[in-house]
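Structure data (compact mmCIF, C-alpha atoms) from coords.txt:
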```txt
# COMPACT_ATOMS: atom_id res chain seq x y z
CA MET M 124 103.79 158.33 -14.85
CA ILE M 125 101.16 158.06 -17.61
CA THR M 126 99.18 155.50 -15.62
CA ALA M 127 99.27 157.71 -12.52
CA VAL M 128 98.10 160.75 -14.51
CA ALA M 129 95.29 158.67 -16.02
CA LYS M 130 94.12 157.66 -12.54
CA VAL M 131 94.16 161.27 -11.35
CA TYR M 132 92.36 162.33 -14.52
CA ARG M 133 89.60 159.77 -13.94
CA TRP M 134 89.25 160.97 -10.36
CA GLU M 135 89.05 164.60 -11.49
CA MET M 136 86.36 163.69 -14.03
CA VAL M 137 84.40 161.88 -11.33
CA LYS M 138 84.55 165.02 -9.18
CA LEU M 139 83.44 167.15 -12.12
CA LEU M 140 80.49 164.87 -12.84
CA ALA M 141 79.46 165.10 -9.20
CA GLN M 142 79.14 168.88 -9.35
CA LYS M 143 75.95 170.65 -10.40
CA ARG M 144 77.77 173.43 -12.25
CA THR M 145 79.24 170.85 -14.65
CA TYR M 146 75.79 169.82 -15.84
CA LEU M 147 74.58 173.41 -15.67
CA GLY M 148 77.33 174.49 -18.06
CA ILE M 149 76.65 171.69 -20.54
CA PHE M 150 72.89 172.22 -20.29
CA SER M 151 73.22 175.99 -20.78
CA ALA M 152 75.48 175.59 -23.81
CA SER M 153 73.07 173.05 -25.32
CA LEU M 154 70.00 175.16 -24.59
CA VAL M 155 71.25 178.24 -26.44
CA PRO M 156 70.96 176.79 -29.99
CA VAL M 157 67.49 175.42 -29.19
CA ILE M 158 66.30 178.86 -28.05
CA PHE M 159 68.01 180.39 -31.07
CA VAL M 160 66.12 178.11 -33.48
CA VAL M 161 62.77 178.65 -31.72
CA VAL M 162 63.19 182.43 -31.87
CA LEU M 163 63.97 182.28 -35.59
CA LEU M 164 60.93 180.09 -36.20
CA LEU M 165 58.75 182.71 -34.54
CA GLN M 166 60.04 185.62 -36.63
CA THR M 167 60.78 186.31 -40.27
CA GLY M 168 64.08 188.15 -39.98
CA GLY M 169 67.46 186.67 -39.30
CA PRO M 170 71.04 187.41 -38.26
CA ASN M 171 72.10 188.43 -41.77
CA ASP M 172 75.07 190.43 -40.53
CA VAL M 173 76.95 187.46 -39.01
CA PRO M 174 78.84 184.67 -40.81
CA LEU M 175 76.41 182.24 -42.50
CA GLY M 176 73.49 184.09 -40.91
CA ARG M 177 71.77 184.70 -44.23
CA TYR M 178 71.77 180.95 -44.98
CA ILE M 179 70.49 179.77 -41.62
CA ARG M 180 67.03 178.86 -42.95
CA ASP M 181 68.52 176.95 -45.89
CA THR M 182 69.98 174.14 -43.81
CA GLY M 183 70.30 173.12 -40.20
CA LEU M 184 74.04 172.85 -40.75
CA ALA M 185 74.31 176.64 -40.55
CA VAL M 186 72.89 176.85 -37.02
CA PRO M 187 75.95 175.64 -35.05
CA PHE M 188 78.21 178.03 -36.95
CA VAL M 189 76.01 181.03 -36.22
CA VAL M 190 75.68 180.06 -32.55
CA LEU M 191 79.49 179.79 -32.32
CA PHE M 192 79.72 183.45 -33.25
CA PHE M 193 77.37 184.61 -30.51
CA MET M 194 78.63 182.27 -27.78
CA SER M 195 82.24 183.43 -28.12
CA ILE M 196 81.37 186.86 -26.68
CA TRP M 197 80.56 185.77 -23.13
CA GLY M 198 78.62 182.49 -23.02
CA LEU M 199 81.31 179.86 -23.49
CA PRO M 200 84.04 181.90 -21.72
CA LEU M 201 81.73 182.10 -18.69
CA ILE M 202 81.00 178.37 -18.73
CA THR M 203 84.71 177.61 -19.05
CA ALA M 204 85.65 180.01 -16.25
CA LEU M 205 83.14 178.45 -13.84
CA VAL M 206 84.96 175.11 -13.94
CA ALA M 207 88.58 176.10 -14.53
CA GLY M 208 88.53 178.86 -11.92
CA ASP M 209 87.32 176.43 -9.29
CA SER M 210 89.59 173.51 -10.13
CA VAL M 211 92.41 174.13 -7.64
CA ALA M 212 90.77 176.74 -5.42
CA ALA M 213 88.05 174.30 -4.40
CA GLU M 214 90.70 171.98 -3.01
CA SER M 215 91.95 174.78 -0.76
CA HIS M 216 88.45 175.68 0.36
CA ASN M 217 87.57 172.07 1.19
CA GLY M 218 91.00 171.23 2.61
CA THR M 219 91.35 168.20 0.35
CA LEU M 220 94.56 169.00 -1.53
CA LYS M 221 96.79 167.82 1.31
CA THR M 222 94.91 164.53 1.40
CA ILE M 223 95.28 164.03 -2.34
CA LEU M 224 99.03 164.67 -2.24
CA THR M 225 99.54 162.10 0.50
CA ARG M 226 97.99 159.30 -1.57
CA SER M 227 101.20 158.45 -3.44
CA ARG M 228 100.48 161.14 -6.01
CA GLU M 229 103.12 163.53 -7.24
CA ARG M 230 102.15 167.17 -7.59
CA GLY M 231 102.84 167.08 -11.30
CA GLU M 232 100.47 164.16 -11.72
CA VAL M 233 97.71 165.92 -9.82
CA PHE M 234 98.19 169.11 -11.82
CA ALA M 235 98.21 167.22 -15.14
CA GLY M 236 94.99 165.45 -14.19
CA LYS M 237 93.29 168.76 -13.46
CA VAL M 238 94.46 170.24 -16.76
CA LEU M 239 93.22 167.23 -18.75
CA ALA M 240 89.86 167.29 -16.95
CA SER M 241 89.40 170.99 -17.77
CA ILE M 242 90.23 170.36 -21.43
CA SER M 243 87.81 167.42 -21.57
CA TYR M 244 85.05 169.53 -20.10
CA THR M 245 85.70 172.32 -22.61
CA LEU M 246 85.57 169.86 -25.52
CA THR M 247 82.35 168.34 -24.21
CA VAL M 248 80.64 171.72 -23.88
CA VAL M 249 81.60 172.89 -27.37
CA PHE M 250 80.70 169.67 -29.17
CA ALA M 251 77.46 169.28 -27.19
CA MET M 252 76.44 172.75 -28.30
CA GLY M 253 77.35 171.95 -31.90
CA LEU M 254 75.47 168.65 -31.90
CA VAL M 255 72.32 170.09 -30.35
CA GLY M 256 72.44 173.03 -32.74
CA LEU M 257 72.78 170.68 -35.71
CA VAL M 258 69.85 168.51 -34.59
CA ALA M 259 67.60 171.47 -33.75
CA GLY M 260 68.42 173.23 -37.00
CA SER M 261 67.92 170.09 -39.08
CA ILE M 262 64.51 169.51 -37.50
CA ALA M 263 63.53 173.08 -38.29
CA TRP M 264 64.98 173.50 -41.79
CA GLY M 265 66.32 170.14 -42.90
CA PHE M 266 69.77 168.69 -43.46
CA HIS M 267 70.82 170.22 -46.77
CA PRO M 268 74.04 171.36 -48.49
CA LEU M 269 75.79 174.30 -46.86
CA THR M 270 76.71 177.58 -48.54
CA SER M 271 80.27 178.50 -47.61
CA LEU M 272 81.53 181.98 -46.81
CA SER M 273 82.82 182.12 -50.37
CA GLY M 274 79.29 181.59 -51.69
CA THR M 275 79.89 178.07 -53.00
CA LYS M 276 77.76 175.05 -52.11
CA VAL M 277 79.27 172.12 -50.24
CA SER M 278 77.53 168.80 -49.66
CA ALA M 279 75.89 168.08 -46.33
CA VAL M 280 78.47 165.38 -45.56
CA HIS M 281 81.31 167.77 -46.35
CA GLY M 282 79.56 170.35 -44.20
CA LEU M 283 79.63 167.92 -41.28
CA GLY M 284 83.39 167.61 -41.66
CA LEU M 285 83.74 171.39 -41.74
CA LEU M 286 81.61 171.64 -38.60
CA ALA M 287 83.77 169.11 -36.74
CA ALA M 288 86.95 170.94 -37.75
CA SER M 289 85.44 174.31 -36.79
CA LEU M 290 84.37 173.08 -33.36
CA ALA M 291 87.83 171.64 -32.77
CA ILE M 292 89.70 174.84 -33.64
CA TYR M 293 87.14 176.85 -31.67
CA THR M 294 88.07 174.86 -28.58
CA PHE M 295 91.67 176.10 -28.60
CA PRO M 296 90.99 179.69 -27.41
CA LEU M 297 88.58 178.30 -24.82
CA VAL M 298 91.38 176.10 -23.49
CA GLY M 299 93.46 179.29 -23.32
CA ILE M 300 90.77 180.78 -21.09
CA ALA M 301 90.70 177.60 -19.02
CA ALA M 302 94.48 177.78 -18.59
CA PHE M 303 94.21 181.34 -17.31
CA GLY M 304 91.47 180.23 -14.92
CA LEU M 305 93.64 177.40 -13.62
CA MET M 306 96.45 179.86 -13.04
CA LEU M 307 94.24 182.23 -11.04
CA SER M 308 92.74 179.29 -9.16
CA THR M 309 96.20 178.10 -8.18
CA ILE M 310 97.53 181.53 -7.20
CA THR M 311 94.53 183.04 -5.41
CA ARG M 312 93.08 179.85 -3.87
CA ASN M 313 89.74 181.63 -4.14
CA SER M 314 87.06 180.25 -6.45
CA ALA M 315 85.00 183.44 -6.78
CA ALA M 316 88.03 185.62 -7.50
CA SER M 317 89.35 183.10 -10.03
CA VAL M 318 86.04 182.75 -11.90
CA VAL M 319 85.39 186.51 -12.03
CA GLY M 320 89.01 187.29 -12.92
CA THR M 321 89.01 184.74 -15.72
CA LEU M 322 85.77 186.05 -17.18
CA MET M 323 87.00 189.65 -17.00
CA TRP M 324 90.21 188.69 -18.73
CA ALA M 325 88.28 186.90 -21.50
CA LEU M 326 86.02 189.92 -21.98
CA LEU M 327 89.08 192.19 -22.05
CA MET M 328 90.49 190.13 -24.92
CA GLN M 329 87.20 190.64 -26.77
CA LEU M 330 87.13 194.37 -26.03
CA LEU M 331 90.67 194.93 -27.25
CA GLY M 332 89.70 193.24 -30.48
CA VAL M 333 87.18 195.93 -31.37
CA LEU M 334 88.89 199.04 -30.01
CA PRO M 335 90.44 201.42 -32.56
CA GLY M 336 94.22 201.53 -32.53
CA THR M 337 94.64 197.81 -31.83
CA GLU M 338 94.89 196.76 -35.47
CA SER M 339 98.63 196.09 -35.27
CA PHE M 340 98.27 193.30 -32.70
CA ARG M 341 94.59 192.37 -33.02
CA ALA M 342 95.38 189.19 -34.96
CA TYR M 343 97.31 187.87 -31.96
CA LEU M 344 94.68 188.46 -29.29
CA LEU M 345 93.07 185.38 -27.83
CA GLY M 346 89.56 186.64 -28.63
CA THR M 347 90.41 186.94 -32.33
CA GLN M 348 91.17 183.22 -32.51
CA PHE M 349 87.47 182.46 -32.00
CA ASP M 350 87.05 183.46 -35.66
CA ALA M 351 89.72 181.06 -36.97
CA TRP M 352 87.03 178.60 -38.08
CA HIS M 353 86.07 181.03 -40.83
CA GLY M 354 89.09 179.72 -42.73
CA PHE M 355 87.49 176.29 -43.06
CA LEU M 356 84.35 177.84 -44.55
CA ARG M 357 86.14 179.39 -47.53
CA THR M 358 86.75 177.82 -50.92
CA PRO M 359 89.58 176.95 -51.11
CA ALA M 360 90.20 176.73 -47.36
CA ASP M 361 92.13 179.63 -45.88
CA TRP M 362 94.69 178.03 -43.56
CA VAL M 363 96.32 181.29 -42.44
CA PRO M 364 93.91 182.05 -39.54
CA VAL M 365 93.78 178.36 -38.59
CA ILE M 366 97.55 177.95 -38.32
CA ARG M 367 97.86 181.29 -36.53
CA ALA M 368 95.19 180.23 -34.03
CA LEU M 369 97.09 177.02 -33.28
CA TRP M 370 100.37 178.67 -32.32
CA VAL M 371 98.86 181.80 -30.75
CA CYS M 372 96.55 179.73 -28.55
CA ALA M 373 99.47 177.44 -27.69
CA LEU M 374 101.22 180.47 -26.17
CA TYR M 375 98.09 181.57 -24.29
CA ILE M 376 97.80 178.02 -22.95
CA ALA M 377 101.43 177.28 -22.16
CA LEU M 378 102.35 180.51 -20.33
CA PRO M 379 99.53 180.46 -17.71
CA LEU M 380 99.93 176.71 -17.21
CA GLY M 381 103.66 177.18 -16.73
CA VAL M 382 103.05 179.77 -14.03
CA ALA M 383 100.33 177.68 -12.41
CA TYR M 384 102.53 174.57 -12.43
CA THR M 385 105.42 176.43 -10.84
CA VAL M 386 103.20 177.84 -8.09
CA PHE M 387 101.55 174.47 -7.56
CA LEU M 388 104.90 172.69 -7.14
CA ARG M 389 106.14 175.21 -4.58
CA ARG M 390 102.88 175.51 -2.71
CA ASP M 391 102.81 174.83 1.01
CA VAL M 392 99.72 172.71 1.62
CA ALA M 393 100.31 172.21 5.32
CA GLY M 394 97.94 175.04 6.14
CA ASP M 395 95.23 174.02 3.68
```
In structure tokens, write the structure found in this file.
Amino acid sequence: MITAVAKVYRWEMVKLLAQKRTYLGIFSASLVPVIFVVVLLLQTGGPNDVPLGRYIRDTGLAVPFVVLFFMSIWGLPLITALVAGDSVAAESHNGTLKTILTRSRERGEVFAGKVLASISYTLTVVFAMGLVGLVAGSIAWGFHPLTSLSGTKVSAVHGLGLLAASLAIYTFPLVGIAAFGLMLSTITRNSAASVVGTLMWALLMQLLGVLPGTESFRAYLLGTQFDAWHGFLRTPADWVPVIRALWVCALYIALPLGVAYTVFLRRDVAGD
């Protein structure tokens, strides 16, 4: 079973790497921090009203964190939706799903391969953005100790560890968006509808997080979990938002994938 899933996963990754939108997403995510640094170099002000924004010219380590804040609004959800929303629907459009399922591959194996490929792509996009932001920021302002959200200094090496942990926890809500995209892709069999629907759903999660009257359940919205990395940047670390993000995102991931898996297993591919 594991070997079969690994083979499907490799095949799904090959298909992803053969698609222009895969590189476009990674390139776009990597380009944002570069543009961000160039703009700051050309002006004297800064994003002082966002986490770590006031320290962005003190060390390049602050750049990826600040970019994370801005990219959670629409940038990374859009990039994630473009791939996840097309994962299953593209098979219907191209008429290839029936062929795949006749190559001694169980439906569960095919579905697991697609899920793993989507997660891998999400991880790649987030960490590519973080790495490029770190390099661009370090070239502009140096690689120096980082000032945490609590106002304390942490060494540059410690800051690297905090960045890696922050990028990892930031990936969880994006995987939740990918799971929703996979569900729509499986149900609708339409790439455009799945991509747009996924993006609208992600933006709705963000909108609900700022509307008055949502305070009672705001902490459990998927969009709120994009801020969980703030817990790592406090001294001592605040694990409450991190732990909450883990189990809340697990629900947002498991429920759509459960629906998608059920639909995928019962799907009639004879007409595809």
Leaving out Val173 in chain M and any residue of its chain fewer than 6 positions from it, which residues lie within 12 Å of it when counting all atoms listed in the file, given as a ChimeraX atom specification?
-> /M:179,185-186,188-193,272,350,353
Need the shell around Ser308 in chain M: protein/DNA/RNA residues with any atom at most 8 Å away, counting only C-alpha atoms. Skip same-chain ones fewer than 3 positions apart. Format as a tab-separated table (two decimals) with C-alpha atoms, in the frame of the given file?
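Ended up saving to out.tsv:
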```
chain	number	residue	atom	x	y	z
M	207	ALA	CA	88.58	176.10	-14.53
M	208	GLY	CA	88.53	178.86	-11.92
M	209	ASP	CA	87.32	176.43	-9.29
M	210	SER	CA	89.59	173.51	-10.13
M	211	VAL	CA	92.41	174.13	-7.64
M	212	ALA	CA	90.77	176.74	-5.42
M	304	GLY	CA	91.47	180.23	-14.92
M	305	LEU	CA	93.64	177.40	-13.62
M	311	THR	CA	94.53	183.04	-5.41
M	312	ARG	CA	93.08	179.85	-3.87
M	313	ASN	CA	89.74	181.63	-4.14
M	314	SER	CA	87.06	180.25	-6.45
M	317	SER	CA	89.35	183.10	-10.03
```
Give me the residues within 12 Å of Thr385 in chain M as a PyMOL selection string, counting only C-alpha atoms and dropping any in the same chain fewer than 2 places off.
-> chain M and resi 230-231+234+306+309-310+378-383+387-390
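Minimum atom-to-atom distance to Thr145 in chain M, evaluated using only C-alpha atoms, belongs to M:Thr247 out of M:Gln329, M:Thr247, M:Thr182, M:Asn171.
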The residue from M:Thr358, M:Lys237, M:Ala291, M:Leu205 with the smallest atom-to-atom distance to Leu147 in chain M, counting all atoms listed in the file, is M:Leu205
If I put a ball of radius 12 Å at (81.5, 164.8, -16.3) in the file's coordinates, which residues poke into it when counting all atoms listed in the file, written as a ChimeraX atom specification?
-> /M:132-149,206,240-248
Do you have the CA of Leu286 in chain M-CA of Phe355 in chain M distance handy?
->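 These atoms are spaced 8.7 Å apart.
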What is the distance, in Å and to one decimal place, between CA of Gly354 in chain M and CA of Asp172 in chain M?
->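 Atom-to-atom, CA of Gly354 in chain M to CA of Asp172 in chain M, that is 17.8 Å.
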Could you give me, as a PDB file with C-alpha atoms, in the frame of the given file, the residues within 10 Å of Gly198 in chain M, counting all atoms listed in the file and dropping anything in the same chain fewer than 4 positions from it?
```
ATOM      1  CA  GLY M 148      77.330 174.490 -18.060  1.00  0.00           C
ATOM      2  CA  SER M 151      73.220 175.990 -20.780  1.00  0.00           C
ATOM      3  CA  ALA M 152      75.480 175.590 -23.810  1.00  0.00           C
ATOM      4  CA  VAL M 155      71.250 178.240 -26.440  1.00  0.00           C
ATOM      5  CA  LEU M 191      79.490 179.790 -32.320  1.00  0.00           C
ATOM      6  CA  PHE M 193      77.370 184.610 -30.510  1.00  0.00           C
ATOM      7  CA  MET M 194      78.630 182.270 -27.780  1.00  0.00           C
ATOM      8  CA  ILE M 202      81.000 178.370 -18.730  1.00  0.00           C
ATOM      9  CA  THR M 203      84.710 177.610 -19.050  1.00  0.00           C
ATOM     10  CA  LEU M 322      85.770 186.050 -17.180  1.00  0.00           C
TER      11      LEU M 322
END
```
The residue from M:Val160, M:Ala325, M:Ala373, M:Leu356 with the smallest atom-to-atom distance to Val277 in chain M, counting all atoms listed in the file, is M:Leu356
Which is closer to Ser273 in chain M than all the others in M:Gly346, M:Pro170, M:Gly336, M:Pro359, using all atoms listed in the file?
->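 Checking each candidate against Ser273 in chain M, we get M:Pro359 as the closest.
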Residue with smallest distance to Leu283 in chain M - pool M:Val157, M:Ala360, M:Leu257, M:Ala235, counting all atoms listed in the file =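 Closest to Leu283 in chain M, using all atoms listed in the file: M:Leu257.
As for CA of Thr167 in chain M and CA of Gly183 in chain M, they are spaced 16.3 Å apart.
Among the candidates M:Ile196, M:Ala259, M:Ala288, M:Val238, the residue lying nearest to Leu327 in chain M is M:Ile196 (atoms considered: all atoms listed in the file).
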